[in-house]
Number of protein chains: 2
Amino acid sequence: MAEYTDLEKKAIELCKQTVRMTTAAGSGHPSSSMSIAHIVTALMYRVMRYNPKNPWLNTADRMILSEGHAVPIVYAAYCDLGGMVGTAEQPSELSFDDALTLREADSVLDGHPNPAIGFPFFDSATGSLGQGISVAAGLACAARVDELDRKFFVIVGDGESREGQITEALDFVMDHNLTAVRPIFNCNGQGQSDYVGPLQSADNLAAMLVAKGFDVKEIDGHDFAQVIEALGAKAGEKPIAVVAKTVKGWGSSQLTSGNWHGKPLSSDDLEKCLADLDAKAADLGEVSTEGIAALAAPEPMAENVRPAIHAGAFSGAVKAAGMEAALEAGKLSTRRAYGAALLSLGVDPRITATDGDVKNSTFTDMFAKTFPDRYFEARIAEQNMISVAVGLAAAGKIPFASSFAKFLTRGYDQIEMAAITNANIKLVGSHAGISLAADGPSQMAVTDMAFFRALAHAKRVDGRPACRLFQPADAVAAFKLTELMANTDGMCYMRTHRPDVPFIYGEQETFEEGGFKHLVDGTDLVIVSSGYMVHVVREAAAIMEPDGLEPSIVDVYALPLAKPEDILRMGDDCNGQILVVEDNYVGGVADEICAAAAASDLGVTVRTLVLDSIPKSAKTPQEILDATRLSAGHIAAMAQQIFDTVQ
Amino acid sequence: MAEYTDLEKKAIELCKQTVRMTTAAGSGHPSSSMSIAHIVTALMYRVMRYNPKNPWLNTADRMILSEGHAVPIVYAAYCDLGGMVGTAEQPSELSFDDALTLREADSVLDGHPNPAIGFPFFDSATGSLGQGISVAAGLACAARVDELDRKFFVIVGDGESREGQITEALDFVMDHNLTAVRPIFNCNGQGQSDYVGPLQSADNLAAMLVAKGFDVKEIDGHDFAQVIEALGAKAGEKPIAVVAKTVKGWGSSQLTSGNWHGKPLSSDDLEKCLADLDAKAADLGEVSTEGIAALAAPEPMAENVRPAIHAGAFSGAVKAAGMEAALEAGKLSTRRAYGAALLSLGVDPRITATDGDVKNSTFTDMFAKTFPDRYFEARIAEQNMISVAVGLAAAGKIPFASSFAKFLTRGYDQIEMAAITNANIKLVGSHAGISLAADGPSQMAVTDMAFFRALAHAKRVDGRPACRLFQPADAVAAFKLTELMANTDGMCYMRTHRPDVPFIYGEQETFEEGGFKHLVDGTDLVIVSSGYMVHVVREAAAIMEPDGLEPSIVDVYALPLAKPEDILRMGDDCNGQILVVEDNYVGGVADEICAAAAASDLGVTVRTLVLDSIPKSAKTPQEILDATRLSAGHIAAMAQQIFDTVQ
């Protein structure tokens, strides 16, 4: 104990600051913070190799605070160390008292870890529980690719460990033997509304970790000798996991009695708590904490310059992917074209990929075979897969994470946290919409357009979209949009489709953020569509021809639309009539056009033909389109009906 | 072996039908089906107490096929048994050859289990993996409430077991000691794109189950003696779990070589496979399967009549919940009012509740204390919580599942599967929008309006909405809408808010599906809002008064709107101007009004003031509204600007 009296005193100082901060904020989680006081102090002042003056250092060890609500004590330490915040271009230094700005509107000390607003000590936003080990695993995958010796310390709550993503992440760590990841289970025995259940007791967690193959260190989380030995231990053949028994509200007689989860102390109680902590400090005798600082940091890696990445020519890439027959046949599915693009892009060492055991359906398998060192199989665990991608992106990689679009729904919370993080991840969901037909609704993504469009209309701190949503109508578009995603900073989502479809675009066609294509110039009305449905609309136009109806056809391949008014003007030129056709529920392209039209003075009328019932299986795309009233015949009939009303 | 030759032969017959079915469908998963041939045969012909002629029997044992893609062999058996499909009112009987309609557009034999289209043998749609044990757990909770001796057999794939929800569900089964649930892990060692990883080997799964406290039976899944003993075993003090080693493509030389996941045989290969299976049958000698049938079923429970449920008077309920001070203060948060309503509704024995360790924030804790037998704590595992609710609903309960609205995002895939199931579940998400302020974006639900509105516009088989979305603006509305949800058949989602807000409505106010309230009758423009933002709009109107601007104010408390045209007509009367205000991203009320306006001839202009950037922490609702440009001042300024343009 005597060996660590300086750290003991530091931990007490940080606890004092933590209760001050949360009382000043009027909210926050002092008791959770104090349960990890010694772990955080050990990591930030003794174990981690990093530099608080340069949190952007790409070779340093990192802390991932999975139980994000315990962040005040980390802020207290980082302020104490004079850590830098802001951006690498415009950094600013924190002082001890800056910790007291916790949760203020203009403070970077957000209620939960939030790197995107200027707190680069963290790699990912946390606070929705259970995601930290996955992020650390992604960082560790990147470190392996870069051959860097970094450690990733993840602090996880015991109650939090109930989240299924935790076991997904632990399995992933074992699958890939990521010894750089060090999960630390903070077992204080209390959740928010009750004690932690027996399945998440320290003993049971340790047994579960042993069963998975971890080298488990069970420690007293307030004993620095044990803490430092466990955290600093060099991993052998197996990853190490630490199970630390701790006390919620450590050091405060009040915060250790009853349920104080998420409750700051009143001003009166604060004084009593500070006195408790001062008494603990006095027990240590005369101790100086002056000499304590973060360990010397490692040398930086060469700067991660980011030139544009080229996928090359479409036809060449398709041939290289062994799909030359498609060029002759004149048709290829968008999911296969994505696979070919990813394979071509793979020559850039920043490109990495992960998939949830459907790589032979999403066509990431070609990348996986060719670049096995940069492919990380995530198996059937989509939540972990998304958060692993967040970790890879934080380390400068450009991760593509793929599964059926429907199964990515499993990770919508992780995706939203990635958006908050402003993580540079690329999500590709295959078998979108209803055109996969036979497998039925459990495999059909039909809410994804609404969810991602919502994110796409949220702006990041720099004013750019929090997410870009792409839906290619043909293989060329899918290929070029994959390349565009790789070169676009920030989260992108592309949905691809199962069926082979004819080429619409030539090799030289270009695609851009927020863009659309005016495929056919007509006079009678504008039909707007996206993805697979563009082909059905084209088929509908062919049916109309004998009747003389000549629609304009627009392919909206990107949301948010940069210039929806251009489509409205087309509608204005076509009797003021627009029909939007989609094979997903409301919330996607149709609402994008409707919102623009409703705000506009042009007086354009927008009608929509979208999926309006829960689909079921059918043997072919044609049958499912018939059953859901979205076939070419239905589209043609609706177009005629719209046209008749304006005659 | 000889003891079970009739079952052996039956299993082979079912395998033959399975390969025929999938070849006829041109898709499907014969190899997965054949790996569970003996397990399914044992369950459906020997172990389960049920009646294929009455799949609606509320006392029978049930099968939950978590690995939904293996459904063809269950269909084959159910058709062989002449099982009933359709509805209880209009049932129809299947014949052996009906199995060959697999995946046809007008067949109830969907690509994956899909009870909502008329296959009542199943309780929930599956096919998105990892959800079955949770559903079974919900059914078991209901059986405990009803004091029924039922068993729930769940067939889970080994690759599927990687999904974190599986461990969440197993933990829940142990927490509540649900011995009626019998998970059966089908360990054939193969996933879709690769072999199953070592963490999901039969041995590791068994070790994990033992660590959790299950009584584990490891068996050969093709040996009827072992299968029947394990499946039929009476549980002692601990729940039993079965780990069955099986062979993917059992019985076919072709389907057991290489990767045949999800691939049907060609017509030529089909003949070879049938010959393989015939040879296996010949090895059994002369055996008759004539005498095989499902076990005698238990007696039905008294019919589950469903009278309306009454929450009683608002003020009485609020007093009963110990919140009488709110009545004097004239303000109460919507989340507390929900808690009071749930407590009042609890007198009806069908009402059950579950929560993810935040019951003291969502205010389900009052119900939990008063009705502990019908409260099922789910701890920090939202995916499992949602699917447990699906199981409770399938057993005739009316389950309310609550958490922070943000954390329900964790279960969006489960929620979508619940919508496909047409499950009668009630979801209540607290702390919605940005008004919780201090905790920051990781706790703010801002995409939920888009997601649930998408579901709300999808119709079920009976033409009603797949989901109803409610957002009360005050405590009275929250109270009444909770009562409405309890009395509405089908999935409902209500979002509540953290802050206390003044009462808007009197106790006698009534609320209905698809409704809205015209709060203030003005002349200059219509301001439409919902939830917490209704108060901010009212504040904005108060700011406007000195300038003489008189807006109409509309509270949209329900989506989908039954009559959006009524709001458009109000706009038409107010200079043709509507402003919609929301503290979530696009996709919610604003898009609902815009879509109606864009399709209408009225020429109403709709502008929107929605959350358009990723929020961060701020100390108070006022500060976060200021930071996101959604404050009363911003609303008033925009209203004035709109008004100025039409002058």
# chains A, B, ... in the order shown; residues from 1 in each chain; ligands from 1

call {"tool": "select_by_dssp", "arguments": {"residues": "range 438-562 of chain B", "states": "strand (DSSP E or B)", "output": "ChimeraX atom specification"}}
result
/B:445,459,465,468-470,492-495,501-502,516-520,525-529,551-556,558-559

call {"tool": "interface_residues", "arguments": {"of": "chain A", "to": "chain B", "cutoff": "6 Å", "atoms": "only C-alpha atoms", "output": "PyMOL selection string"}}
result
chain A and resi 103-105+110-111+127-128+162-165+168+193+357-358+360+380-381+409-410+413+438-440+442+450-451+454+458-460+585-587+594-595+597-599+605-607+612-614+617-619

call {"tool": "residues_around", "arguments": {"residues": "Pro239 in chain B", "least_positions_apart": "6", "cutoff": "8 Å", "atoms": "only C-alpha atoms", "output": "PDB file with C-alpha atoms, in the first residue's frame"}}
result
ATOM      1  CA  VAL B 173     -34.414 -17.749 -18.045  1.00  0.00           C
ATOM      2  CA  MET B 174     -32.049 -18.294 -15.100  1.00  0.00           C
ATOM      3  CA  ASN B 177     -35.946 -19.882 -13.188  1.00  0.00           C
ATOM      4  CA  LEU B 178     -38.199 -20.586 -16.145  1.00  0.00           C
ATOM      5  CA  THR B 179     -38.000 -24.363 -16.171  1.00  0.00           C
ATOM      6  CA  ALA B 180     -40.765 -24.491 -18.777  1.00  0.00           C
ATOM      7  CA  VAL B 181     -38.312 -23.231 -21.396  1.00  0.00           C
ATOM      8  CA  ARG B 182     -36.258 -25.937 -23.074  1.00  0.00           C
ATOM      9  CA  PHE B 214     -28.474 -24.959 -16.661  1.00  0.00           C
ATOM     10  CA  ASP B 215     -28.931 -28.703 -16.365  1.00  0.00           C
TER      11      ASP B 215
END

call {"tool": "closest_residue", "arguments": {"among": "A:Glu89, A:Ser31, A:Gly118, A:Phe404", "to": "Gln190 in chain A", "atoms": "only C-alpha atoms"}}
result
A:Ser31

call {"tool": "residues_around", "arguments": {"residues": "Ile155 in chain A", "least_positions_apart": "5", "cutoff": "12 Å", "atoms": "only C-alpha atoms", "output": "CSV table (one decimal) with N, CA and C atoms, in the first residue's frame"}}
result
chain,number,residue,atom,x,y,z
A,32,SER,N,-20.9,6.0,-9.5
A,32,SER,CA,-20.3,5.1,-10.5
A,32,SER,C,-18.8,5.5,-10.7
A,33,SER,N,-18.6,6.8,-10.8
A,33,SER,CA,-17.3,7.4,-11.0
A,33,SER,C,-16.3,6.9,-9.9
A,35,SER,N,-16.4,4.4,-8.0
A,35,SER,CA,-16.1,3.0,-8.0
A,35,SER,C,-15.0,2.7,-8.9
A,36,ILE,N,-14.7,3.5,-9.9
A,36,ILE,CA,-13.5,3.3,-10.8
A,36,ILE,C,-12.4,4.2,-10.5
A,37,ALA,N,-12.4,4.9,-9.4
A,37,ALA,CA,-11.4,5.9,-9.1
A,37,ALA,C,-10.0,5.4,-9.2
A,39,ILE,N,-9.0,2.5,-10.6
A,39,ILE,CA,-8.7,1.9,-12.0
A,39,ILE,C,-8.3,3.1,-12.9
A,40,VAL,N,-9.1,4.2,-12.9
A,40,VAL,CA,-8.8,5.3,-13.8
A,40,VAL,C,-7.5,6.0,-13.4
A,43,LEU,N,-4.7,3.8,-14.6
A,43,LEU,CA,-4.5,3.8,-16.1
A,43,LEU,C,-3.9,5.1,-16.5
A,62,ARG,N,-5.0,3.4,-25.4
A,62,ARG,CA,-6.3,4.2,-25.3
A,62,ARG,C,-7.2,3.6,-24.2
A,63,MET,N,-8.0,4.4,-23.7
A,63,MET,CA,-9.1,4.0,-22.8
A,63,MET,C,-10.4,4.1,-23.5
A,64,ILE,N,-11.2,3.0,-23.3
A,64,ILE,CA,-12.6,3.1,-23.8
A,64,ILE,C,-13.5,2.9,-22.6
A,65,LEU,N,-14.3,3.9,-22.3
A,65,LEU,CA,-15.1,3.9,-21.2
A,65,LEU,C,-16.5,3.4,-21.6
A,66,SER,N,-16.7,2.1,-21.6
A,66,SER,CA,-17.9,1.5,-22.0
A,66,SER,C,-19.1,1.9,-21.1
A,67,GLU,N,-18.9,2.0,-19.8
A,67,GLU,CA,-19.9,2.5,-19.0
A,67,GLU,C,-19.8,4.0,-18.9
A,68,GLY,N,-20.2,4.7,-20.0
A,68,GLY,CA,-20.0,6.1,-20.2
A,68,GLY,C,-20.4,7.0,-19.1
A,69,HIS,N,-21.4,6.6,-18.3
A,69,HIS,CA,-22.0,7.5,-17.3
A,69,HIS,C,-20.9,7.8,-16.2
A,70,ALA,N,-19.9,6.9,-16.1
A,70,ALA,CA,-18.9,7.1,-15.1
A,70,ALA,C,-17.8,8.1,-15.5
A,71,VAL,N,-18.1,8.9,-16.5
A,71,VAL,CA,-17.0,9.7,-17.1
A,71,VAL,C,-16.5,10.9,-16.3
A,74,VAL,N,-13.0,10.5,-15.2
A,74,VAL,CA,-12.0,10.6,-16.3
A,74,VAL,C,-11.7,12.1,-16.6
A,126,THR,N,-19.9,6.9,-26.0
A,126,THR,CA,-20.5,5.8,-25.2
A,126,THR,C,-21.6,6.3,-24.3
A,129,LEU,N,-25.2,1.4,-23.4
A,129,LEU,CA,-24.2,0.4,-22.8
A,129,LEU,C,-23.8,-0.7,-23.7
A,130,GLY,N,-22.7,-1.3,-23.3
A,130,GLY,CA,-22.3,-2.6,-23.9
A,130,GLY,C,-21.5,-2.5,-25.2
A,131,GLN,N,-21.1,-1.4,-25.6
A,131,GLN,CA,-20.4,-1.2,-26.9
A,131,GLN,C,-18.9,-1.1,-26.9
A,132,GLY,N,-18.4,-0.9,-25.7
A,132,GLY,CA,-16.9,-0.5,-25.6
A,132,GLY,C,-16.0,-1.6,-26.0
A,133,ILE,N,-16.2,-2.8,-25.6
A,133,ILE,CA,-15.3,-3.9,-25.9
A,133,ILE,C,-15.2,-4.1,-27.4
A,134,SER,N,-16.3,-3.9,-28.1
A,134,SER,CA,-16.3,-4.0,-29.6
A,134,SER,C,-15.5,-2.9,-30.2
A,135,VAL,N,-15.6,-1.7,-29.7
A,135,VAL,CA,-14.8,-0.6,-30.2
A,135,VAL,C,-13.3,-0.9,-30.0
A,136,ALA,N,-13.0,-1.3,-28.8
A,136,ALA,CA,-11.6,-1.7,-28.5
A,136,ALA,C,-11.1,-2.8,-29.4
A,160,GLU,N,-24.0,-3.6,-16.9
A,160,GLU,CA,-23.8,-3.5,-18.3
A,160,GLU,C,-23.5,-4.8,-19.0
A,161,SER,N,-22.8,-5.7,-18.3
A,161,SER,CA,-22.4,-6.9,-18.9
A,161,SER,C,-23.5,-7.8,-19.3
A,166,ILE,N,-21.9,-7.6,-25.3
A,166,ILE,CA,-20.6,-7.9,-24.5
A,166,ILE,C,-20.1,-9.3,-24.8
A,181,VAL,N,-6.6,-6.1,-26.4
A,181,VAL,CA,-7.8,-5.6,-25.7
A,181,VAL,C,-7.7,-6.1,-24.3
A,182,ARG,N,-7.9,-5.2,-23.4
A,182,ARG,CA,-8.0,-5.6,-22.0
A,182,ARG,C,-9.3,-5.1,-21.3
A,183,PRO,N,-10.3,-6.0,-21.3
A,183,PRO,CA,-11.6,-5.6,-20.7
A,183,PRO,C,-11.4,-5.6,-19.2
A,184,ILE,N,-12.0,-4.6,-18.5
A,184,ILE,CA,-11.9,-4.5,-17.1
A,184,ILE,C,-13.3,-4.4,-16.6
A,185,PHE,N,-13.8,-5.4,-15.9
A,185,PHE,CA,-15.2,-5.5,-15.4
A,185,PHE,C,-15.2,-4.8,-14.1
A,186,ASN,N,-16.0,-3.7,-14.0
A,186,ASN,CA,-16.1,-3.0,-12.8
A,186,ASN,C,-17.3,-3.5,-12.0
A,187,CYS,N,-17.0,-4.4,-11.0
A,187,CYS,CA,-18.1,-5.1,-10.3
A,187,CYS,C,-18.4,-4.4,-9.0
A,221,GLY,N,-10.6,-3.8,-6.8
A,221,GLY,CA,-10.4,-2.7,-7.7
A,221,GLY,C,-10.0,-1.4,-7.0
A,231,LEU,N,-3.7,-4.6,-14.7
A,231,LEU,CA,-3.8,-3.7,-15.9
A,231,LEU,C,-2.5,-3.7,-16.7
A,241,ALA,N,-8.4,-10.7,-19.2
A,241,ALA,CA,-9.6,-9.9,-18.7
A,241,ALA,C,-9.5,-9.7,-17.2
A,242,VAL,N,-9.9,-8.5,-16.8
A,242,VAL,CA,-9.8,-8.2,-15.4
A,242,VAL,C,-11.2,-8.1,-14.8
A,243,VAL,N,-11.4,-8.8,-13.7
A,243,VAL,CA,-12.6,-8.7,-12.9
A,243,VAL,C,-12.3,-8.0,-11.6
A,244,ALA,N,-12.8,-6.7,-11.5
A,244,ALA,CA,-12.4,-5.9,-10.3
A,244,ALA,C,-13.6,-5.7,-9.4

call {"tool": "select_by_dssp", "arguments": {"residues": "range 160-273 of chain A", "states": "alpha helix (DSSP H)", "output": "compact mmCIF listing (two decimals) with C-alpha atoms, in the first residue's frame"}}
result
# COMPACT_ATOMS: atom_id res chain seq x y z
CA GLY A 164 -25.62 -9.35 -25.34
CA GLN A 165 -23.13 -7.30 -27.29
CA ILE A 166 -20.64 -7.89 -24.49
CA THR A 167 -20.53 -11.62 -25.18
CA GLU A 168 -20.49 -10.97 -28.92
CA ALA A 169 -17.44 -8.76 -28.39
CA LEU A 170 -15.68 -11.21 -26.09
CA ASP A 171 -16.21 -14.00 -28.64
CA PHE A 172 -14.79 -11.74 -31.35
CA VAL A 173 -11.75 -10.95 -29.18
CA MET A 174 -11.16 -14.68 -28.73
CA ASP A 175 -11.81 -15.56 -32.40
CA ALA A 202 -18.02 -10.98 -10.20
CA ASP A 203 -17.71 -14.73 -9.75
CA ASN A 204 -20.07 -15.56 -12.59
CA LEU A 205 -18.45 -13.04 -14.91
CA ALA A 206 -15.07 -14.56 -14.12
CA ALA A 207 -16.40 -18.06 -14.79
CA MET A 208 -17.91 -16.92 -18.08
CA LEU A 209 -14.60 -15.33 -19.12
CA VAL A 210 -12.66 -18.45 -18.18
CA ALA A 211 -15.12 -20.57 -20.19
CA LYS A 212 -14.42 -18.38 -23.22
CA PHE A 224 -3.42 -0.18 -6.39
CA ALA A 225 -0.94 -3.03 -6.15
CA GLN A 226 -3.50 -5.45 -7.57
CA VAL A 227 -4.91 -2.93 -10.03
CA ILE A 228 -1.56 -2.00 -11.51
CA GLU A 229 -0.38 -5.57 -11.71
CA ALA A 230 -3.53 -6.69 -13.53
CA LEU A 231 -3.78 -3.73 -15.86
CA GLY A 232 -0.10 -3.64 -16.65
CA SER A 267 -24.53 21.34 -1.68
CA ASP A 268 -24.83 20.40 1.99
CA ASP A 269 -24.12 16.75 1.37
CA LEU A 270 -21.21 17.71 -0.83
CA GLU A 271 -19.41 19.21 2.14
CA LYS A 272 -19.90 16.06 4.18
CA CYS A 273 -18.61 13.94 1.33
